[in-house]
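Heads up: the structure comes next, in structure tokens.
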Amino acid sequence: MTTDKPSVTVLGLGAMGTALAGALLSAGHPVTVWNRTAAKADALVERGAARAASPAEAVAASQIVVACLLDYDSVREVLGTESLRGRTLVNLTNGTPGQARRFAEWAACQGADYLDGGIMAVPPMIGTPAAFVLYSGSAGAFDRARPALDTFGESIFLGEAVGRAALTDIALLTGMYGMIAGSLQAFALVTADGVPATDFAPLLTRWLQAMSGWADGAAKQLDSGDYATGVVSNLGMQAASFDNLHRTADEQGVHSGLFAPLGRLMQQRAADGHGHEDLTGIIELLRKDDNA
Ligand SMILES: NC(=O)c1ccc[n+]([C@@H]2O[C@H](COP(=O)([O-])OP(=O)(O)OC[C@H]3O[C@@H](n4cnc5c(N)ncnc54)[C@H](OP(=O)(O)O)[C@@H]3O)[C@@H](O)[C@H]2O)c1
């Protein structure tokens, strides 16, 4: 069957690479795949993907090359010293902004037009409207690869500063892990009393959803630097009631180590005279080296 859709190579067939290659196949792109453990390609080959015998063969097969491996070192290792001349390299491997910048320099030396990306989805979300993927780097590479990239989810281009996608990805993961840390602590408290986690989960979800608007209001205060605007729950009050998180954890026989640093920052900020402001002012303490 012929198609006018560009062919795409996918390097790395872990859970995520397999989902990416599957989305491309579903959308009708010719797909070439390579994975260190070759057997992981079998199901995709049955669906019509071409199996490359080596990374070099995979890179030669398509002008657009998508890499999704464990980390940047493994991508470097896999690409080796191959010339990437004429290739649009899209690296969807998780990393830091610094790693993205260093990788972009290396990719440019190999001749590639480079796009760095951060996938904001778990594999089952790929190809659904729930998925979005952040990109930064070469605008030309983004434009060229976009029809293929759009098969993964919504493509969001954050500009040519190549580290921006990784920075945004890590910032979003930071928010997610904060939510998970809080949720684990909450489950520990109630299950210590014999409450089934499944009974508590709907209330937790409802409360987290009710609080999900927090970021928008906080962002306005953060951008203005005025943490006293529109305060509905002042820091002094929150610092006092936050102690009850520690006391309740003690009563329930649960560690409160996940929350101790936040409690200390709230106390310090209130003691510094900002008790009438919002919690958002704590960002000032996060920005100081001596409070890291
Ligand atoms: N899964 C998620 O929910 C998710 C979400 C967003 C972003 N990501 C990111 O996507 C990337 C891949 O994640 P994944 O879930 O697919 O991980 P995974 O299932 O653990 O797969 C890891 C992949 O990396 C390959 N690999 C590891 N070290 C290698 C090396 N030295 N040389 C060659 N290949 C190597 C593995 O090959 P073998 O099969 O031979 O071991 C496999 O293809 C990661 O950077 C991850 O942070 C994942």
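To be explicit about the labels: the chains of the structure tokens are called A, B, and onward in the order shown, and within each one the residues are counted from 1, while ligands get numbers from 1 in the order they are shown.
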Hey, which bits of region 92-207 of chain A sit within 10 Å of region 22-45 of chain A, and for each residue what's the closest pair of atoms and how far apart in Å (one decimal), counting only C-alpha atoms, rows by chain and increasing number, as CSV?
residue,atom,partner,partner_atom,distance
A:Ile126,CA,A:Ala23,CA,7.0
A:Gly127,CA,A:Ala23,CA,5.6
A:Thr128,CA,A:Ala23,CA,9.3
A:Pro147,CA,A:His29,CA,9.7
A:Ala148,CA,A:Leu24,CA,6.7
A:Leu149,CA,A:Leu24,CA,8.4
A:Asp150,CA,A:Leu24,CA,9.2
A:Thr151,CA,A:Ala23,CA,5.9
A:Phe152,CA,A:Ala23,CA,6.2
A:Gly153,CA,A:Ala23,CA,9.3
Residues of chain A that approach ligand 1 to 7 Å or less, counting only C-alpha atoms and all ligand atoms: could you list each one with the shortest pair of atoms and its distance in Å to one decimal, rows by chain and increasing residue number, as CSV?
residue,atom,partner,partner_atom_place_in_ligand_line,distance
A:Gly12,CA,ligand 1,43 (O),3.8
A:Leu13,CA,ligand 1,43 (O),4.1
A:Gly14,CA,ligand 1,21 (O),3.3
A:Ala15,CA,ligand 1,16 (O),3.9
A:Met16,CA,ligand 1,16 (O),3.7
A:Gly17,CA,ligand 1,16 (O),5.2
A:Asn35,CA,ligand 1,43 (O),5.6
A:Arg36,CA,ligand 1,40 (O),3.8
A:Thr37,CA,ligand 1,40 (O),3.7
A:Lys40,CA,ligand 1,39 (O),6.5
A:Cys68,CA,ligand 1,11 (C),4.9
A:Leu69,CA,ligand 1,24 (O),3.7
A:Leu70,CA,ligand 1,24 (O),4.0
A:Asp71,CA,ligand 1,45 (O),5.0
A:Ser74,CA,ligand 1,31 (N),4.3
A:Val75,CA,ligand 1,32 (N),7.0
A:Glu77,CA,ligand 1,32 (N),6.3
A:Val78,CA,ligand 1,33 (C),5.6
A:Leu92,CA,ligand 1,10 (O),6.4
A:Thr93,CA,ligand 1,45 (O),3.7
A:Asn94,CA,ligand 1,45 (O),3.8
A:Gly95,CA,ligand 1,45 (O),6.9
A:Gly118,CA,ligand 1,7 (C),6.6
A:Ile119,CA,ligand 1,6 (C),4.7
A:Met120,CA,ligand 1,6 (C),5.7
A:Ala121,CA,ligand 1,5 (C),5.4
A:Val122,CA,ligand 1,3 (O),3.8
A:Pro123,CA,ligand 1,3 (O),5.6
I need the chosen residues saved as a PDB file, in the first residue's frame, with N, CA and C atoms.
ATOM      1  N   GLY A  12      13.969   2.485  20.077  1.00  0.00           N
ATOM      2  CA  GLY A  12      13.559   2.231  21.460  1.00  0.00           C
ATOM      3  C   GLY A  12      12.125   1.776  21.513  1.00  0.00           C
ATOM      4  N   LEU A  13      11.954   0.530  21.925  1.00  0.00           N
ATOM      5  CA  LEU A  13      10.603  -0.049  21.997  1.00  0.00           C
ATOM      6  C   LEU A  13      10.330  -0.538  23.415  1.00  0.00           C
ATOM      7  N   GLY A  14      10.577   0.337  24.369  1.00  0.00           N
ATOM      8  CA  GLY A  14      10.070   0.077  25.706  1.00  0.00           C
ATOM      9  C   GLY A  14       8.581   0.353  25.682  1.00  0.00           C
ATOM     10  N   ALA A  15       7.991   0.526  26.855  1.00  0.00           N
ATOM     11  CA  ALA A  15       6.546   0.763  26.915  1.00  0.00           C
ATOM     12  C   ALA A  15       6.169   1.995  26.102  1.00  0.00           C
ATOM     13  N   MET A  16       6.980   3.053  26.188  1.00  0.00           N
ATOM     14  CA  MET A  16       6.611   4.295  25.509  1.00  0.00           C
ATOM     15  C   MET A  16       6.921   4.236  24.020  1.00  0.00           C
ATOM     16  N   GLY A  17       8.111   3.771  23.658  1.00  0.00           N
ATOM     17  CA  GLY A  17       8.465   3.695  22.244  1.00  0.00           C
ATOM     18  C   GLY A  17       7.485   2.812  21.475  1.00  0.00           C
ATOM     19  N   ASN A  35      15.134  -1.921  18.319  1.00  0.00           N
ATOM     20  CA  ASN A  35      15.261  -1.987  19.774  1.00  0.00           C
ATOM     21  C   ASN A  35      16.404  -2.921  20.126  1.00  0.00           C
ATOM     22  N   ARG A  36      17.113  -2.584  21.217  1.00  0.00           N
ATOM     23  CA  ARG A  36      18.254  -3.415  21.646  1.00  0.00           C
ATOM     24  C   ARG A  36      17.817  -4.873  21.809  1.00  0.00           C
ATOM     25  N   THR A  37      16.687  -5.075  22.485  1.00  0.00           N
ATOM     26  CA  THR A  37      16.123  -6.421  22.606  1.00  0.00           C
ATOM     27  C   THR A  37      15.154  -6.596  21.441  1.00  0.00           C
ATOM     28  N   LYS A  40      11.175  -7.303  21.127  1.00  0.00           N
ATOM     29  CA  LYS A  40      10.126  -6.334  21.465  1.00  0.00           C
ATOM     30  C   LYS A  40       9.513  -5.695  20.218  1.00  0.00           C
ATOM     31  N   CYS A  68      13.277   7.179  21.756  1.00  0.00           N
ATOM     32  CA  CYS A  68      12.630   7.148  23.063  1.00  0.00           C
ATOM     33  C   CYS A  68      13.244   6.000  23.855  1.00  0.00           C
ATOM     34  N   LEU A  69      14.365   6.328  24.495  1.00  0.00           N
ATOM     35  CA  LEU A  69      15.125   5.323  25.237  1.00  0.00           C
ATOM     36  C   LEU A  69      15.149   5.719  26.705  1.00  0.00           C
ATOM     37  N   LEU A  70      15.871   4.953  27.483  1.00  0.00           N
ATOM     38  CA  LEU A  70      15.848   5.156  28.933  1.00  0.00           C
ATOM     39  C   LEU A  70      16.332   6.549  29.331  1.00  0.00           C
ATOM     40  N   ASP A  71      17.487   6.945  28.779  1.00  0.00           N
ATOM     41  CA  ASP A  71      18.068   8.246  29.130  1.00  0.00           C
ATOM     42  C   ASP A  71      18.935   8.743  27.964  1.00  0.00           C
ATOM     43  N   SER A  74      21.855   6.587  26.820  1.00  0.00           N
ATOM     44  CA  SER A  74      21.559   5.427  25.965  1.00  0.00           C
ATOM     45  C   SER A  74      21.275   5.872  24.534  1.00  0.00           C
ATOM     46  N   VAL A  75      20.711   7.059  24.352  1.00  0.00           N
ATOM     47  CA  VAL A  75      20.480   7.546  22.978  1.00  0.00           C
ATOM     48  C   VAL A  75      21.828   7.792  22.287  1.00  0.00           C
ATOM     49  N   GLU A  77      24.634   6.382  23.038  1.00  0.00           N
ATOM     50  CA  GLU A  77      25.259   5.079  22.827  1.00  0.00           C
ATOM     51  C   GLU A  77      24.680   4.417  21.567  1.00  0.00           C
ATOM     52  N   VAL A  78      23.370   4.482  21.410  1.00  0.00           N
ATOM     53  CA  VAL A  78      22.706   3.820  20.281  1.00  0.00           C
ATOM     54  C   VAL A  78      23.058   4.515  18.965  1.00  0.00           C
ATOM     55  N   LEU A  92      12.591  12.004  22.401  1.00  0.00           N
ATOM     56  CA  LEU A  92      11.507  12.062  23.389  1.00  0.00           C
ATOM     57  C   LEU A  92      11.891  11.352  24.681  1.00  0.00           C
ATOM     58  N   THR A  93      13.197  11.272  24.891  1.00  0.00           N
ATOM     59  CA  THR A  93      13.722  10.639  26.100  1.00  0.00           C
ATOM     60  C   THR A  93      13.729  11.663  27.225  1.00  0.00           C
ATOM     61  N   ASN A  94      13.377  11.224  28.428  1.00  0.00           N
ATOM     62  CA  ASN A  94      13.328  12.164  29.559  1.00  0.00           C
ATOM     63  C   ASN A  94      14.738  12.602  29.969  1.00  0.00           C
ATOM     64  N   GLY A  95      14.901  13.904  30.225  1.00  0.00           N
ATOM     65  CA  GLY A  95      16.206  14.396  30.662  1.00  0.00           C
ATOM     66  C   GLY A  95      16.088  15.788  31.235  1.00  0.00           C
ATOM     67  N   GLY A 118       9.265  16.356  25.458  1.00  0.00           N
ATOM     68  CA  GLY A 118       8.871  15.775  26.741  1.00  0.00           C
ATOM     69  C   GLY A 118       7.443  15.261  26.628  1.00  0.00           C
ATOM     70  N   ILE A 119       7.269  13.988  26.900  1.00  0.00           N
ATOM     71  CA  ILE A 119       5.952  13.371  26.725  1.00  0.00           C
ATOM     72  C   ILE A 119       5.146  13.504  28.019  1.00  0.00           C
ATOM     73  N   MET A 120       4.019  14.191  27.937  1.00  0.00           N
ATOM     74  CA  MET A 120       3.155  14.326  29.111  1.00  0.00           C
ATOM     75  C   MET A 120       1.987  13.346  28.972  1.00  0.00           C
ATOM     76  N   ALA A 121       2.324  12.089  29.136  1.00  0.00           N
ATOM     77  CA  ALA A 121       1.330  11.017  29.000  1.00  0.00           C
ATOM     78  C   ALA A 121       1.973   9.731  29.483  1.00  0.00           C
ATOM     79  N   VAL A 122       1.158   8.780  29.851  1.00  0.00           N
ATOM     80  CA  VAL A 122       1.653   7.413  30.045  1.00  0.00           C
ATOM     81  C   VAL A 122       1.280   6.647  28.778  1.00  0.00           C
ATOM     82  N   PRO A 123       1.951   5.512  28.527  1.00  0.00           N
ATOM     83  CA  PRO A 123       1.773   4.858  27.222  1.00  0.00           C
ATOM     84  C   PRO A 123       0.330   4.640  26.771  1.00  0.00           C
TER      85      PRO A 123
END
Original post:
Taking only C-alpha atoms into account, which of A:Thr168, A:Thr88, A:Thr81, A:Ser212 comes nearest Trp106 (chain A)?
Top reply: A:Thr81
Original post:
Can you list every residue in region 46-132 of chain A that DSSP puts in alpha helix (DSSP H), as a list in words?
Top reply: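 Everything in region 46-132 of chain A that counts as alpha helix (DSSP H) is Glu46, Pro55, Ala56, Glu57, Ala58, Val59, Ala60, Ala61, Tyr72, Asp73, Ser74, Val75, Arg76, Glu77, Val78, Leu79, Pro97, Gly98, Gln99, Ala100, Arg101, Arg102, Phe103, Ala104, Glu105, Trp106, Ala107, Ala108 and Cys109 of chain A.
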Can I get the selection written as a short mmCIF file (atom, residue, chain, number, x, y, z; two decimals), in the first residue's frame, with N, CA, C and O atoms?
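What ended up in selection-v3.cif:
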data_model
loop_
_atom_site.label_atom_id
_atom_site.label_comp_id
_atom_site.auth_asym_id
_atom_site.auth_seq_id
_atom_site.Cartn_x
_atom_site.Cartn_y
_atom_site.Cartn_z
N GLU A 46 4.42 -7.40 13.08
CA GLU A 46 3.18 -8.07 12.64
C GLU A 46 2.15 -7.05 12.16
O GLU A 46 1.34 -7.32 11.28
N PRO A 55 20.92 0.18 14.57
CA PRO A 55 20.53 1.58 14.60
C PRO A 55 20.87 2.30 13.29
O PRO A 55 20.08 3.12 12.81
N ALA A 56 22.02 1.95 12.71
CA ALA A 56 22.42 2.61 11.45
C ALA A 56 21.39 2.35 10.36
O ALA A 56 21.00 3.26 9.61
N GLU A 57 20.95 1.10 10.27
CA GLU A 57 19.93 0.75 9.25
C GLU A 57 18.63 1.50 9.55
O GLU A 57 17.95 1.97 8.63
N ALA A 58 18.30 1.62 10.82
CA ALA A 58 17.06 2.32 11.21
C ALA A 58 17.13 3.80 10.83
O ALA A 58 16.17 4.37 10.29
N VAL A 59 18.28 4.41 11.10
CA VAL A 59 18.45 5.85 10.80
C VAL A 59 18.41 6.08 9.30
O VAL A 59 17.85 7.06 8.82
N ALA A 60 18.97 5.13 8.55
CA ALA A 60 19.00 5.28 7.09
C ALA A 60 17.60 5.16 6.47
O ALA A 60 17.34 5.67 5.38
N ALA A 61 16.68 4.52 7.19
CA ALA A 61 15.38 4.19 6.60
C ALA A 61 14.42 5.37 6.51
O ALA A 61 13.52 5.36 5.68
N TYR A 72 19.45 9.97 28.11
CA TYR A 72 20.21 10.56 27.00
C TYR A 72 21.48 9.76 26.70
O TYR A 72 21.88 9.66 25.54
N ASP A 73 22.09 9.20 27.75
CA ASP A 73 23.31 8.41 27.52
C ASP A 73 23.02 7.23 26.60
O ASP A 73 23.82 6.90 25.72
N SER A 74 21.85 6.59 26.82
CA SER A 74 21.56 5.43 25.97
C SER A 74 21.28 5.87 24.53
O SER A 74 21.61 5.16 23.58
N VAL A 75 20.71 7.06 24.35
CA VAL A 75 20.48 7.55 22.98
C VAL A 75 21.83 7.79 22.29
O VAL A 75 22.04 7.39 21.13
N ARG A 76 22.75 8.42 23.04
CA ARG A 76 24.10 8.67 22.48
C ARG A 76 24.78 7.36 22.11
O ARG A 76 25.39 7.22 21.05
N GLU A 77 24.63 6.38 23.04
CA GLU A 77 25.26 5.08 22.83
C GLU A 77 24.68 4.42 21.57
O GLU A 77 25.41 3.87 20.74
N VAL A 78 23.37 4.48 21.41
CA VAL A 78 22.71 3.82 20.28
C VAL A 78 23.06 4.52 18.97
O VAL A 78 23.33 3.86 17.96
N LEU A 79 23.08 5.84 18.98
CA LEU A 79 23.37 6.55 17.73
C LEU A 79 24.86 6.51 17.40
O LEU A 79 25.24 6.69 16.24
N PRO A 97 17.18 20.03 31.28
CA PRO A 97 17.42 21.05 30.25
C PRO A 97 18.88 21.07 29.81
O PRO A 97 19.18 21.23 28.61
N GLY A 98 19.81 20.91 30.76
CA GLY A 98 21.24 20.91 30.43
C GLY A 98 21.59 19.74 29.51
O GLY A 98 22.34 19.91 28.55
N GLN A 99 21.02 18.58 29.81
CA GLN A 99 21.27 17.42 28.94
C GLN A 99 20.74 17.69 27.54
O GLN A 99 21.37 17.34 26.54
N ALA A 100 19.57 18.32 27.46
CA ALA A 100 18.99 18.62 26.15
C ALA A 100 19.90 19.56 25.36
O ALA A 100 20.13 19.35 24.16
N ARG A 101 20.43 20.57 26.05
CA ARG A 101 21.31 21.54 25.35
C ARG A 101 22.58 20.84 24.85
O ARG A 101 23.01 21.05 23.72
N ARG A 102 23.17 20.03 25.72
CA ARG A 102 24.41 19.34 25.31
C ARG A 102 24.13 18.34 24.18
O ARG A 102 24.91 18.21 23.24
N PHE A 103 22.98 17.69 24.27
CA PHE A 103 22.64 16.71 23.23
C PHE A 103 22.41 17.43 21.90
O PHE A 103 22.80 16.93 20.83
N ALA A 104 21.78 18.60 21.95
CA ALA A 104 21.51 19.36 20.73
C ALA A 104 22.82 19.75 20.03
O ALA A 104 22.92 19.70 18.80
N GLU A 105 23.82 20.12 20.85
CA GLU A 105 25.12 20.48 20.26
C GLU A 105 25.73 19.27 19.55
O GLU A 105 26.24 19.37 18.44
N TRP A 106 25.65 18.13 20.23
CA TRP A 106 26.19 16.90 19.64
C TRP A 106 25.43 16.54 18.36
O TRP A 106 26.04 16.21 17.34
N ALA A 107 24.10 16.63 18.41
CA ALA A 107 23.28 16.26 17.25
C ALA A 107 23.60 17.18 16.06
O ALA A 107 23.64 16.72 14.91
N ALA A 108 23.83 18.46 16.36
CA ALA A 108 24.17 19.40 15.28
C ALA A 108 25.49 19.00 14.64
O ALA A 108 25.64 19.04 13.41
N CYS A 109 26.45 18.58 15.47
CA CYS A 109 27.74 18.14 14.93
C CYS A 109 27.58 16.91 14.04
O CYS A 109 28.34 16.70 13.10
#
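Minimum distance to Asp193 (chain A) across A:Leu173, A:Gly178, A:Gly253, A:Ser233 (counting only C-alpha atoms) occurs at A:Gly253.
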Original post:
What is the distance, in Å and to one decimal place, between CA of Phe157 (chain A) and CA of Ser83 (chain A)?
Top reply: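 Taking CA of Phe157 (chain A) as the start and CA of Ser83 (chain A) as the end point, the length is 26.1 Å.
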Original post:
Given the choices A:Ala228, A:Ala186, A:Ala218, A:Val10, which gets closest to Leu203 (chain A) if the distance is worked out from only C-alpha atoms?
Top reply: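 Under the stated criterion, the closest residue is A:Ala186.
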Subject >> Which residue of A:Gly159, A:Gly213, A:Gly281, A:Gly263 approaches Asp226 (chain A) most closely, using only C-alpha atoms >> reply: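 Looking at the shortest contact to Asp226 (chain A), the residue is A:Gly281.
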Subject >> Expected answer as a PyMOL selection string: strand (DSSP E or B) residues in region 75-271 of chain A >> reply: chain A and resi 88-91+113-120+132-137+154-157
